[in-house]
$ cat structure-v1.txt   # compact mmCIF, C-alpha atoms
# COMPACT_ATOMS: atom_id res chain seq x y z
CA MET G 1 10.09 110.59 39.28
CA ARG G 2 9.02 110.12 35.68
CA ARG G 3 11.00 106.92 35.45
CA ARG G 4 9.29 105.56 38.56
CA ILE G 5 5.85 106.31 37.17
CA LEU G 6 6.78 104.66 33.89
CA ALA G 7 8.13 101.61 35.72
CA LEU G 8 4.96 101.42 37.80
CA MET G 9 2.74 101.66 34.73
CA GLY G 10 4.81 98.99 33.03
CA GLY G 11 4.37 96.75 36.06
CA VAL G 12 0.60 97.29 36.09
CA ALA G 13 0.41 96.50 32.37
CA LEU G 14 2.44 93.34 32.90
CA VAL G 15 0.18 92.18 35.77
CA ALA G 16 -2.91 92.93 33.64
CA CYS G 17 -1.47 90.92 30.77
CA VAL G 18 -1.16 87.91 33.04
CA THR G 19 -4.34 88.24 35.10
CA VAL G 20 -6.87 89.07 32.37
CA PRO G 21 -6.43 85.81 30.41
CA LEU G 22 -6.25 83.92 33.70
CA LEU G 23 -9.53 85.45 34.86
CA GLN G 24 -11.09 84.72 31.47
CA HIS G 25 -10.01 81.11 31.78
CA MET G 26 -11.38 80.88 35.31
CA LEU G 27 -14.68 82.44 34.25
CA ALA G 28 -14.91 79.92 31.43
CA ASP G 29 -14.79 77.10 33.94
CA THR G 30 -17.45 78.50 36.27
CA LYS G 31 -21.17 77.94 35.98
CA PRO G 32 -22.85 79.93 33.23
CA GLN G 33 -25.44 82.45 34.37
CA VAL G 34 -28.82 81.22 33.13
CA GLN G 35 -32.11 83.05 33.61
CA LEU G 36 -35.20 81.02 32.81
CA SER G 37 -38.66 82.47 32.27
CA VAL G 38 -41.61 80.11 31.92
CA LYS G 39 -44.44 82.60 31.58
CA ASN G 40 -44.75 82.09 27.81
CA ALA G 41 -44.79 78.29 27.93
CA GLN G 42 -47.71 76.70 26.03
CA PRO G 43 -49.94 74.72 26.22
CA ARG G 44 -49.17 73.54 29.75
CA GLU G 45 -48.04 75.66 32.64
CA VAL G 46 -44.58 74.76 33.91
CA GLU G 47 -44.61 73.53 37.50
CA ASP G 48 -42.21 75.15 39.98
CA VAL G 49 -40.36 71.88 40.50
CA THR G 50 -39.95 71.42 36.75
CA GLN G 51 -38.73 74.99 36.31
CA THR G 52 -36.06 74.46 38.95
CA ALA G 53 -34.98 71.15 37.44
CA VAL G 54 -34.87 72.48 33.87
CA LEU G 55 -32.84 75.52 34.94
CA ARG G 56 -30.38 73.32 36.82
CA ASP G 57 -30.00 70.81 34.00
CA TYR G 58 -29.79 73.34 31.15
CA THR G 59 -27.03 75.13 33.09
CA ARG G 60 -25.23 71.80 33.52
CA ALA G 61 -25.60 71.12 29.81
CA TRP G 62 -23.77 74.34 28.93
CA GLU G 63 -21.06 73.56 31.44
CA ALA G 64 -20.73 70.19 29.75
CA ILE G 65 -20.44 71.79 26.28
CA SER G 66 -17.67 74.12 27.48
CA THR G 67 -15.75 71.30 29.15
CA SER G 68 -16.18 68.86 26.28
CA LEU G 69 -15.21 71.25 23.51
CA ALA G 70 -12.23 72.59 25.48
CA ASN G 71 -10.85 69.18 26.45
CA ASN G 72 -12.26 67.07 23.62
CA SER G 73 -13.86 64.76 26.18
CA LEU G 74 -17.17 62.95 25.70
CA GLN G 75 -18.11 62.06 29.27
CA PRO G 76 -19.75 65.41 30.18
CA LEU G 77 -21.89 65.19 27.04
CA ASN G 78 -23.16 61.70 27.82
CA GLU G 79 -24.44 62.85 31.19
CA ASN G 80 -26.40 65.84 29.93
CA PHE G 81 -27.41 65.18 26.32
CA THR G 82 -29.37 62.57 24.46
CA GLY G 83 -30.72 61.93 20.96
CA PHE G 84 -29.74 64.19 18.07
CA ALA G 85 -27.96 66.74 20.28
CA LEU G 86 -25.72 64.05 21.74
CA ASP G 87 -24.99 62.59 18.28
CA LYS G 88 -23.99 65.97 16.86
CA LEU G 89 -21.87 67.15 19.77
CA THR G 90 -20.15 63.78 19.98
CA GLN G 91 -19.24 64.02 16.30
CA ARG G 92 -17.97 67.59 16.78
CA VAL G 93 -15.69 66.51 19.64
CA LYS G 94 -14.41 63.51 17.64
CA ASP G 95 -13.71 65.72 14.61
CA GLN G 96 -11.97 68.34 16.73
CA LYS G 97 -9.77 65.69 18.30
CA GLN G 98 -8.90 64.23 14.93
CA GLN G 99 -7.94 67.64 13.50
CA GLY G 100 -6.04 68.77 16.60
CA LEU G 101 -8.50 71.54 17.36
CA SER G 102 -10.23 72.62 20.54
CA THR G 103 -12.82 75.28 21.30
CA ARG G 104 -12.80 77.54 24.30
CA ILE G 105 -16.21 78.94 25.19
CA ILE G 106 -16.37 81.91 27.52
CA ASP G 107 -19.98 81.98 28.56
CA HIS G 108 -21.33 85.42 29.43
CA GLY G 109 -24.85 84.22 30.23
CA HIS G 110 -28.16 83.01 28.84
CA LYS G 111 -31.65 84.49 28.81
CA VAL G 112 -33.96 81.54 28.30
CA ASP G 113 -37.68 81.45 27.58
CA ALA G 114 -39.67 78.25 27.81
CA ILE G 115 -41.87 78.43 24.70
CA PHE G 116 -43.46 74.98 24.67
CA TYR G 117 -44.23 72.48 27.40
CA SER G 118 -45.97 69.36 26.15
CA PRO G 119 -49.42 68.47 27.52
CA ASP G 120 -48.06 65.29 29.12
CA GLY G 121 -45.10 67.11 30.67
CA ALA G 122 -42.54 64.95 28.86
CA ALA G 123 -40.83 67.59 26.70
CA ILE G 124 -40.01 71.26 26.97
CA GLU G 125 -38.70 73.61 24.27
CA LEU G 126 -36.51 76.55 25.21
CA LYS G 127 -35.44 79.63 23.25
CA ASP G 128 -32.12 80.89 24.50
CA THR G 129 -30.35 84.18 23.80
CA ALA G 130 -26.78 83.40 24.76
CA SER G 131 -23.87 85.78 24.98
CA ILE G 132 -20.88 83.71 24.06
CA GLU G 133 -17.23 84.27 23.30
CA THR G 134 -15.77 81.52 21.13
CA GLN G 135 -12.11 80.82 20.56
CA VAL G 136 -11.02 78.04 18.24
CA LEU G 137 -7.51 76.77 18.88
CA ASP G 138 -5.29 74.79 16.56
CA GLY G 139 -2.87 73.24 19.02
CA GLY G 140 -2.23 76.22 21.29
CA LYS G 141 -2.78 78.86 18.60
CA VAL G 142 -6.02 80.80 18.42
CA ILE G 143 -7.27 80.61 14.83
CA HIS G 144 -10.65 82.19 15.41
CA SER G 145 -12.11 84.38 18.10
CA ASP G 146 -15.45 86.15 18.28
CA GLN G 147 -18.03 87.29 20.72
CA ALA G 148 -21.68 87.27 19.77
CA GLN G 149 -25.26 86.98 20.92
CA ILE G 150 -26.51 83.68 19.57
CA HIS G 151 -30.05 82.35 19.57
CA TYR G 152 -30.46 78.69 20.41
CA TYR G 153 -33.46 76.40 20.34
CA ALA G 154 -33.25 73.55 22.81
CA VAL G 155 -35.62 70.65 23.36
CA MET G 156 -35.25 68.87 26.68
CA THR G 157 -36.90 65.63 27.70
CA GLY G 158 -37.17 63.96 31.06
CA ALA G 159 -34.68 61.15 31.65
CA GLU G 160 -34.03 58.88 34.65
CA ASP G 161 -32.95 61.50 37.15
CA ARG G 162 -32.70 64.71 35.17
CA TRP G 163 -33.78 66.62 32.07
CA LYS G 164 -31.50 66.01 29.12
CA VAL G 165 -31.00 68.17 26.05
CA ARG G 166 -32.29 66.28 23.00
CA VAL G 167 -32.04 69.08 20.44
CA LEU G 168 -29.71 72.10 20.51
CA GLU G 169 -29.63 74.28 17.45
CA SER G 170 -28.40 77.80 16.87
CA ALA G 171 -30.43 80.03 14.58
CA GLN G 172 -29.99 83.47 13.07
CA MET A 1 21.91 108.13 6.00
CA ARG A 2 18.82 109.26 4.09
CA ARG A 3 19.47 106.66 1.44
CA LEU A 4 19.68 103.94 4.09
CA ILE A 5 16.34 105.01 5.61
CA PHE A 6 14.78 105.05 2.14
CA ILE A 7 16.02 101.52 1.43
CA ILE A 8 14.75 100.20 4.79
CA MET A 9 11.34 101.81 4.23
CA ALA A 10 11.12 100.42 0.71
CA ILE A 11 11.89 96.92 2.02
CA ALA A 12 9.26 97.33 4.77
CA VAL A 13 6.60 98.45 2.27
CA CYS A 14 7.36 95.53 -0.05
CA TRP A 15 7.28 93.09 2.85
CA PHE A 16 3.94 94.49 4.05
CA ALA A 17 2.51 94.35 0.53
CA GLU A 18 3.61 90.75 0.16
CA GLU A 19 2.06 89.82 3.50
CA CYS A 20 -1.19 91.51 2.44
CA ALA A 21 -1.18 89.63 -0.81
CA ARG A 22 -0.50 86.33 0.95
CA ALA A 23 -3.20 86.81 3.60
CA ALA A 24 -6.17 84.65 2.74
CA GLU A 25 -9.41 86.35 2.00
CA LEU A 26 -12.49 84.33 2.80
CA GLN A 27 -15.84 84.68 1.14
CA VAL A 28 -18.59 82.63 2.71
CA PRO A 29 -22.14 82.22 1.38
CA ALA A 30 -24.99 84.23 2.82
CA ASN A 31 -27.70 81.61 2.33
CA ALA A 32 -26.33 78.13 2.94
CA VAL A 33 -28.73 75.24 3.47
CA ALA A 34 -27.96 71.92 5.16
CA GLY A 35 -27.59 69.14 2.61
CA GLN A 36 -26.90 71.51 -0.28
CA PRO A 37 -23.46 72.17 -1.80
CA LEU A 38 -21.57 75.21 -0.69
CA THR A 39 -18.83 77.28 -2.33
CA ILE A 40 -16.26 79.18 -0.32
CA THR A 41 -13.73 81.47 -1.97
CA VAL A 42 -10.28 81.51 -0.45
CA SER A 43 -7.49 83.72 -1.76
CA GLY A 44 -4.04 82.83 -0.57
CA GLY A 45 -4.53 79.13 0.09
CA GLY A 46 -3.60 77.14 3.18
CA THR A 47 -5.67 74.99 5.50
CA LEU A 48 -9.38 75.69 5.52
CA TYR A 49 -11.35 74.66 8.58
CA LEU A 50 -15.14 74.69 8.63
CA ILE A 51 -16.31 74.26 12.20
CA GLY A 52 -20.01 73.53 12.52
CA PRO A 53 -22.37 72.61 15.35
CA GLY A 54 -21.81 68.90 14.86
CA GLN A 55 -18.76 68.49 12.68
CA VAL A 56 -15.42 69.89 11.57
CA ILE A 57 -14.37 69.86 7.90
CA LYS A 58 -10.69 70.33 7.02
CA ARG A 59 -9.36 71.04 3.53
CA GLU A 60 -5.97 71.95 2.16
CA VAL A 61 -6.80 74.63 -0.40
CA LYS A 62 -5.12 76.65 -3.08
CA SER A 63 -6.32 80.07 -3.99
CA GLY A 64 -9.80 80.00 -5.50
CA SER A 65 -13.15 78.39 -4.87
CA VAL A 66 -13.66 75.38 -2.66
CA GLU A 67 -16.77 73.29 -3.07
CA ILE A 68 -18.22 71.50 -0.07
CA LYS A 69 -20.56 68.67 -1.05
CA GLY A 70 -24.16 68.68 0.15
CA GLU A 71 -23.79 65.46 2.11
CA GLU A 72 -20.80 66.96 3.95
CA LEU A 73 -22.70 70.01 5.13
CA ARG A 74 -25.10 68.34 7.53
CA GLY A 75 -25.55 70.58 10.53
CA ALA A 76 -27.72 73.69 10.57
CA GLY A 77 -26.70 76.64 12.68
CA ARG A 78 -23.64 78.78 13.20
CA TRP A 79 -20.48 77.80 11.36
CA ILE A 80 -16.98 79.21 11.50
CA ALA A 81 -14.73 79.23 8.43
CA THR A 82 -11.07 79.90 8.99
CA ALA A 83 -8.08 79.86 6.64
CA GLY A 84 -4.70 81.57 6.57
CA GLY A 85 -5.30 83.74 9.59
CA GLN A 86 -8.73 84.93 8.43
CA SER A 87 -12.02 83.73 9.79
CA GLN A 88 -15.70 84.30 9.10
CA VAL A 89 -18.95 83.24 10.68
CA PHE A 90 -21.76 82.03 8.45
CA TRP A 91 -25.16 80.43 8.94
CA VAL A 92 -26.59 77.24 7.56
CA LYS A 93 -30.36 76.86 7.51
CA PRO A 94 -32.14 73.53 7.94
CA GLY A 95 -33.33 71.78 4.78
CA LYS A 96 -36.87 70.68 3.88
CA PRO A 97 -38.93 68.81 6.49
CA GLU A 98 -38.16 65.10 6.12
CA ASN A 99 -38.36 63.68 9.63
CA LEU A 100 -40.76 63.87 12.51
CA SER A 101 -40.38 63.07 16.15
CA PHE A 102 -43.90 62.22 17.27
CA LEU A 103 -44.99 61.78 20.86
CA ALA A 104 -48.53 60.42 21.30
CA ARG A 105 -49.87 60.12 24.82
CA PRO A 106 -51.27 58.18 26.55
CA SER A 107 -50.83 54.75 24.99
CA ARG A 108 -54.07 53.44 26.51
CA VAL A 109 -57.14 55.56 26.93
CA PRO A 110 -60.83 55.12 27.85
CA VAL A 111 -63.38 55.77 25.08
CA ALA A 112 -65.43 58.94 24.76
CA ARG A 113 -63.25 61.20 26.88
CA PRO A 114 -62.81 64.80 25.72
CA ASN A 115 -59.27 66.06 24.93
CA VAL A 116 -57.67 63.06 26.55
CA MET A 117 -55.05 62.32 23.88
CA SER A 118 -52.20 64.59 22.88
CA GLY A 119 -49.89 64.43 19.89
CA VAL A 120 -46.69 66.47 19.76
CA ALA A 121 -44.57 66.55 16.60
CA PHE A 122 -41.10 68.07 16.29
CA VAL A 123 -40.17 68.74 12.65
CA PHE A 124 -36.67 67.89 11.38
CA ASP A 125 -34.88 67.90 8.05
CA LYS A 126 -32.97 64.98 6.53
CA TYR A 127 -30.01 65.55 8.85
CA ASN A 128 -32.12 65.94 11.98
CA ASN A 129 -31.91 69.70 12.17
CA LEU A 130 -34.95 71.27 13.80
CA VAL A 131 -36.97 73.08 11.10
CA ILE A 132 -37.86 76.42 12.66
CA ASP A 133 -39.84 77.78 9.69
CA PRO A 134 -43.60 77.19 9.95
CA THR A 135 -44.53 73.80 8.49
CA PRO A 136 -48.03 72.30 8.16
CA VAL A 137 -48.28 69.06 10.13
CA ASN A 138 -51.26 66.74 9.62
CA PHE A 139 -52.59 64.77 12.56
CA ASN A 140 -54.94 61.92 11.78
CA LEU A 141 -56.68 59.75 14.34
CA SER A 142 -58.69 56.76 13.16
CA VAL A 143 -60.23 53.71 14.71
CA GLY A 144 -62.26 51.08 12.91
CA GLY A 145 -62.52 53.06 9.67
CA THR A 146 -63.76 56.28 11.22
CA GLY A 147 -61.60 59.12 12.37
CA SER A 148 -60.72 62.76 12.45
CA ALA A 149 -57.97 64.83 10.84
CA ARG A 150 -56.47 68.17 11.70
CA THR A 151 -53.68 70.30 10.20
CA VAL A 152 -51.58 72.35 12.56
CA THR A 153 -48.77 74.70 11.46
CA SER A 154 -45.64 74.19 13.47
CA HIS A 155 -44.34 77.07 15.51
CA GLU A 156 -40.60 77.18 16.20
CA GLY A 157 -40.20 73.55 15.27
CA VAL A 158 -43.13 72.04 17.12
CA ALA A 159 -46.78 71.32 16.33
CA TRP A 160 -49.22 69.77 18.72
CA THR A 161 -52.83 68.78 18.97
CA ASN A 162 -55.16 67.18 21.41
CA SER A 163 -58.04 64.96 20.62
CA SER A 164 -60.98 63.25 22.22
CA SER A 165 -61.10 59.48 22.22
CA ALA A 166 -63.62 57.82 19.93
CA ALA A 167 -66.82 56.19 21.18
CA LYS A 168 -65.70 52.82 19.85
CA ALA A 169 -63.10 50.72 21.63
CA GLY A 170 -60.13 49.34 19.69
CA ALA A 171 -56.65 50.20 18.47
CA ALA A 172 -56.59 53.75 17.14
CA ASN A 173 -53.98 54.81 14.60
CA PHE A 174 -52.59 58.23 15.49
CA VAL A 175 -50.60 59.45 12.52
CA ALA A 176 -48.55 62.64 12.13
CA SER A 177 -47.24 63.65 8.71
CA ALA A 178 -45.29 66.59 7.28
CA GLY A 179 -43.34 66.95 4.05
CA GLY A 180 -42.39 63.41 3.11
CA ALA A 181 -42.42 62.09 6.66
CA GLU A 182 -45.17 60.05 8.28
CA VAL A 183 -45.07 58.56 11.76
CA LYS A 184 -47.73 56.26 13.19
CA ARG A 185 -48.48 55.53 16.83
CA VAL A 186 -51.12 53.12 18.13
CA VAL A 187 -53.31 54.25 20.99
CA GLN A 188 -55.41 51.53 22.56
CA GLN A 189 -58.90 52.83 23.23
CA VAL A 190 -60.57 50.73 25.88
CA ALA A 191 -64.09 50.71 27.26
CA ALA A 192 -64.72 53.25 29.98
CA ASP A 193 -66.24 52.46 33.38
CA PRO A 194 -69.43 50.35 33.39
CA CYS A 195 -72.49 52.44 32.74
CA ARG A 196 -75.35 50.28 33.96
CA LEU A 197 -74.98 47.23 36.13
CA THR A 198 -77.81 44.76 36.39
CA MET A 199 -77.74 41.39 38.10
CA ARG A 200 -80.16 38.53 38.47
CA VAL A 201 -80.40 35.28 40.33
CA ALA A 202 -79.03 32.67 37.98
CA GLY A 203 -79.55 29.61 40.18
CA ARG A 204 -79.89 28.17 43.63
CA THR A 205 -78.67 25.09 45.47
CA ALA A 206 -79.41 23.96 48.99
CA ASP A 207 -76.70 26.10 50.48
CA ARG A 208 -75.78 28.51 47.70
CA ILE A 209 -77.40 31.24 45.70
CA ILE A 210 -75.82 32.09 42.35
CA VAL A 211 -76.07 35.61 40.99
CA GLU A 212 -74.73 36.98 37.75
CA THR A 213 -74.71 40.26 35.88
CA GLU A 214 -76.08 41.05 32.49
CA PRO A 215 -73.28 41.73 29.97
CA VAL A 216 -71.40 44.71 31.44
CA ARG A 217 -70.97 47.63 29.05
CA ASP A 218 -69.82 51.25 29.21
CA CYS A 219 -72.07 54.17 28.29
CA SER A 220 -71.08 53.87 24.60
CA GLY A 221 -72.06 50.21 24.50
CA ASN A 222 -68.51 48.79 24.50
CA PRO A 223 -68.07 45.62 26.53
CA VAL A 224 -66.08 46.32 29.66
CA PRO A 225 -62.79 44.36 29.48
CA ASP A 226 -62.59 40.93 31.06
CA GLY A 227 -60.80 41.05 34.38
CA THR A 228 -62.64 44.14 35.62
CA ILE A 229 -63.73 43.51 39.19
CA VAL A 230 -67.39 43.46 40.17
CA THR A 231 -68.26 43.31 43.86
CA PHE A 232 -71.34 41.45 45.16
CA ILE A 233 -72.41 42.12 48.77
CA GLN A 234 -75.02 40.07 50.59
CA THR A 235 -76.40 41.41 53.86
CA ASP A 236 -78.61 39.37 56.22
CA LYS A 237 -79.09 38.92 59.95
CA THR A 238 -75.81 37.01 60.25
CA GLY A 239 -73.80 39.86 58.72
CA LYS A 240 -72.18 40.67 55.40
CA SER A 241 -70.71 38.38 52.74
CA THR A 242 -68.61 39.99 50.03
CA VAL A 243 -67.43 38.41 46.78
CA ASP A 244 -65.07 40.19 44.35
CA SER A 245 -65.58 38.61 40.98
CA ARG A 246 -63.77 39.30 37.70
CA ILE A 247 -65.73 39.77 34.53
CA LYS A 248 -65.35 36.79 32.21
CA LYS A 249 -66.72 36.95 28.67
CA GLY A 250 -68.53 40.16 29.61
CA ILE A 251 -70.33 38.72 32.62
CA ALA A 252 -69.49 38.54 36.34
CA HIS A 253 -71.01 35.95 38.62
CA ALA A 254 -70.79 34.96 42.28
CA GLU A 255 -71.96 32.22 44.59
CA LEU A 256 -73.27 33.50 47.89
CA PRO A 257 -74.43 31.60 50.99
CA ALA A 258 -78.12 30.75 50.93
CA SER A 259 -80.19 32.88 53.25
CA ASP A 260 -83.89 33.07 54.05
CA ASN A 261 -83.87 36.86 54.04
CA ALA A 262 -80.99 38.76 52.46
CA THR A 263 -80.29 41.82 50.37
CA ILE A 264 -77.71 41.56 47.60
CA THR A 265 -76.09 44.59 46.00
CA VAL A 266 -73.61 44.84 43.15
CA ALA A 267 -71.02 47.49 42.27
CA ALA A 268 -68.09 48.03 39.88
CA GLY A 269 -65.86 51.02 40.37
CA VAL A 270 -68.09 53.97 41.14
CA VAL A 271 -71.18 52.39 39.57
CA LEU A 272 -73.84 50.80 41.74
CA GLY A 273 -76.13 48.19 40.25
CA ASN A 274 -79.56 46.97 41.17
CA GLU A 275 -80.50 45.45 44.51
CA LEU A 276 -82.04 41.99 44.99
CA HIS A 277 -84.04 40.68 47.94
CA VAL A 278 -83.87 36.92 48.31
CA GLY A 279 -85.45 34.47 50.71
CA GLY A 280 -88.63 35.14 52.70
CA ARG A 281 -89.83 31.55 52.40
$ encode --input "structure-v1.txt" --output "structure tokens"
Amino acid sequence: MRRRILALMGGVALVACVTVPLLQHMLADTKPQVQLSVKNAQPREVEDVTQTAVLRDYTRAWEAISTSLANNSLQPLNENFTGFALDKLTQRVKDQKQQGLSTRIIDHGHKVDAIFYSPDGAAIELKDTASIETQVLDGGKVIHSDQAQIHYYAVMTGAEDRWKVRVLESAQ
Amino acid sequence: MRRLIFIIMAIAVCWFAEECARAAELQVPANAVAGQPLTITVSGGGTLYLIGPGQVIKREVKSGSVEIKGEELRGAGRWIATAGGQSQVFWVKPGKPENLSFLARPSRVPVARPNVMSGVAFVFDKYNNLVIDPTPVNFNLSVGGTGSARTVTSHEGVAWTNSSSAAKAGAANFVASAGGAEVKRVVQQVAADPCRLTMRVAGRTADRIIVETEPVRDCSGNPVPDGTIVTFIQTDKTGKSTVDSRIKKGIAHAELPASDNATITVAAGVVLGNELHVGGR
């Protein structure tokens, strides 16, 4: 009887060992959970349509960061970033590729406040409290892993058919 | 048997101690600033990776201090240092304000309108990191030698102001400056809608009556731009004749059919001018 229980527990542990990383990987590829509040935006009130668009496009931007840093691909960045943010993330991906590194981001969600919306409606600044797990891999080996709440400042500007992230900066 | 166990344990302890000694210890700075040199202490040597928001730095290091040059450390934000199986997170703050991103809207504006222009300035350091610390930003708006200035302290990287347009038409220089950075935008201030519209009969022929306006100006006395449309309407027993005329050199004129009893009115935009009665011979 004891042996059976031990064998069963061993089996459960084995299944957990396989499924937990798999689930983590799957979660990493799904859309990040982003909550956007616009009640503190100054000096202009954020329109409902703008709020919806900014939420959609900021979520896409984080998906793009995860995909780009994991696969060292630039295409997702070009679609969602512009200006300084695009320059910096592009350089990061190029450097990672050159050094044989990649970064896996497991995104546990963002609480975002719109803190500035320009009088002409062309630019919006967001303050994001993100819960993020970061794993840096050298080849297939994890060389760094941490989970933290990180504050980000993001400036988004209206582009042809979407809002693009122009500035993305983490701060203490 | 006991001796064997003792020997195995002694080997294990030595092996563990050696591993501990070999494991790299990382010491990262607490107050790093973008563009300033940085020293990281690594004990044990190996490959040091510094992974920042916009770059990755790789160094083969021996035990001791590693200096990273200021121009290498460009990105502000959260960095990861990793070497020999150890890793640390450290923060890099933005440097001094040295760049501005200045949005001035609109590019063309009527004179004498309250709070019609806005200027938004995002403050960056030399490496285009957003400077979050409060920074005084000067906004200066001038046209034809006169102007106004205002200092606004940035909040979370952004400072903004709004301003009324001047009474005088012309190209206004809208300048934002902070630290060593200065950015200029030109806002064209144009005359507003006509203020008073007065016309007179300027001539007659056998079958035509010529009317023209006095020089058309806005309420601040600026000439309304050429090309602005002025509408003349003549009403008599045969009906209505309408002529849309563009202002040329400040004046609009129209030729209307001669009539022995007609009323002529003039309008531009929402402004109605005087009324003339002609004919009655």
$ interface_residues --input "structure-v1.txt" --of "chain G" --to "chain A" --cutoff "7 Å" --atoms "all atoms listed in the file" --output "number ranges by chain"
G: 84, 88-89, 91-92, 95-96, 119-120, 143-144, 169-171
$ residues_around --input "structure-v1.txt" --residues "Gln135 in chain G" --least-positions-apart "3" --cutoff "9 Å" --atoms "all atoms listed in the file" --output "list in words"
Ser102, Thr103, Arg104, Ile105, Ile106, Val142, Ile143, His144, Ser145, Asp146 and Gln147 of chain G
$ residues_near_point --input "structure-v1.txt" --point "(-19.4, 70.2, 4.5)" --cutoff "8 Å" --atoms "all atoms listed in the file" --output "number ranges by chain"
A: 37-38, 50, 57, 68-74
$ atom_distance --input "structure-v1.txt" --atom1 "CA of Leu272 in chain A" --atom2 "CA of Pro215 in chain A"
14.9 Å
$ atom_distance --input "structure-v1.txt" --atom1 "CA of Lys184 in chain A" --atom2 "CA of Asn140 in chain A"
9.3 Å
$ atom_distance --input "structure-v1.txt" --atom1 "CA of Ala85 in chain G" --atom2 "CA of Val165 in chain G"
6.7 Å
$ residues_around --input "structure-v1.txt" --residues "range 195-204 of chain A" --least-positions-apart "6" --cutoff "8 Å" --atoms "all atoms listed in the file" --output "list in words"
Ile210, Val211, Glu212, Thr213, Glu214, Val216, Arg217, Asp218, Cys219, Ala258, Val266, Ala267, Ala268, Val271, Leu272, Gly273, Asn274 and Leu276 of chain A
$ residues_around --input "structure-v1.txt" --residues "Glu79 in chain G" --least-positions-apart "4" --cutoff "12 Å" --atoms "all atoms listed in the file" --output "short mmCIF file (atom, residue, chain, number, x, y, z; two decimals) with C-alpha atoms, in the coordinates of the input"
data_model
loop_
_atom_site.label_atom_id
_atom_site.label_comp_id
_atom_site.auth_asym_id
_atom_site.auth_seq_id
_atom_site.Cartn_x
_atom_site.Cartn_y
_atom_site.Cartn_z
CA ASP G 57 -30.00 70.81 34.00
CA TYR G 58 -29.79 73.34 31.15
CA ARG G 60 -25.23 71.80 33.52
CA ALA G 61 -25.60 71.12 29.81
CA TRP G 62 -23.77 74.34 28.93
CA GLU G 63 -21.06 73.56 31.44
CA ALA G 64 -20.73 70.19 29.75
CA ILE G 65 -20.44 71.79 26.28
CA SER G 68 -16.18 68.86 26.28
CA SER G 73 -13.86 64.76 26.18
CA LEU G 74 -17.17 62.95 25.70
CA GLN G 75 -18.11 62.06 29.27
CA LEU G 86 -25.72 64.05 21.74
CA ALA G 159 -34.68 61.15 31.65
CA GLU G 160 -34.03 58.88 34.65
CA ASP G 161 -32.95 61.50 37.15
CA ARG G 162 -32.70 64.71 35.17
CA TRP G 163 -33.78 66.62 32.07
CA LYS G 164 -31.50 66.01 29.12
CA VAL G 165 -31.00 68.17 26.05
CA ARG G 166 -32.29 66.28 23.00
#
$ closest_residue --input "structure-v1.txt" --among "A:Ser65, A:Gly45, A:Pro223, A:Arg3" --to "Val28 in chain A" --atoms "only C-alpha atoms"
A:Ser65
$ residues_around --input "structure-v1.txt" --residues "Glu45 in chain G" --least-positions-apart "6" --cutoff "8 Å" --atoms "all atoms listed in the file" --output "PyMOL selection string"
chain G and resi 38-39+117
$ residues_around --input "structure-v1.txt" --residues "Gly121 in chain G" --least-positions-apart "2" --cutoff "9 Å" --atoms "all atoms listed in the file" --output "ChimeraX atom specification"
/G:44,46,117-119,123-124,157-158
$ build_atoms --input "structure-v1.txt" --residues "range 74-83 of chain G" --atoms "N, CA and C atoms" --output "CSV table (one decimal), in the frame of the given file"
chain,number,residue,atom,x,y,z
G,74,LEU,N,-15.8,63.3,26.0
G,74,LEU,CA,-17.2,63.0,25.7
G,74,LEU,C,-18.0,62.7,27.0
G,75,GLN,N,-17.4,62.4,28.1
G,75,GLN,CA,-18.1,62.1,29.3
G,75,GLN,C,-19.1,63.1,29.7
G,76,PRO,N,-18.8,64.4,29.8
G,76,PRO,CA,-19.8,65.4,30.2
G,76,PRO,C,-21.0,65.5,29.3
G,77,LEU,N,-20.8,65.2,28.0
G,77,LEU,CA,-21.9,65.2,27.0
G,77,LEU,C,-22.9,64.1,27.3
G,78,ASN,N,-22.3,62.9,27.6
G,78,ASN,CA,-23.2,61.7,27.8
G,78,ASN,C,-24.1,61.9,29.0
G,79,GLU,N,-23.6,62.7,30.0
G,79,GLU,CA,-24.4,62.8,31.2
G,79,GLU,C,-25.6,63.8,31.0
G,80,ASN,N,-25.4,64.7,30.0
G,80,ASN,CA,-26.4,65.8,29.9
G,80,ASN,C,-27.2,65.9,28.6
G,81,PHE,N,-26.8,65.1,27.6
G,81,PHE,CA,-27.4,65.2,26.3
G,81,PHE,C,-27.9,63.8,25.9
G,82,THR,N,-28.8,63.8,25.0
G,82,THR,CA,-29.4,62.6,24.5
G,82,THR,C,-29.8,62.8,23.0
G,83,GLY,N,-30.1,61.8,22.3
G,83,GLY,CA,-30.7,61.9,21.0
G,83,GLY,C,-29.8,62.7,20.0
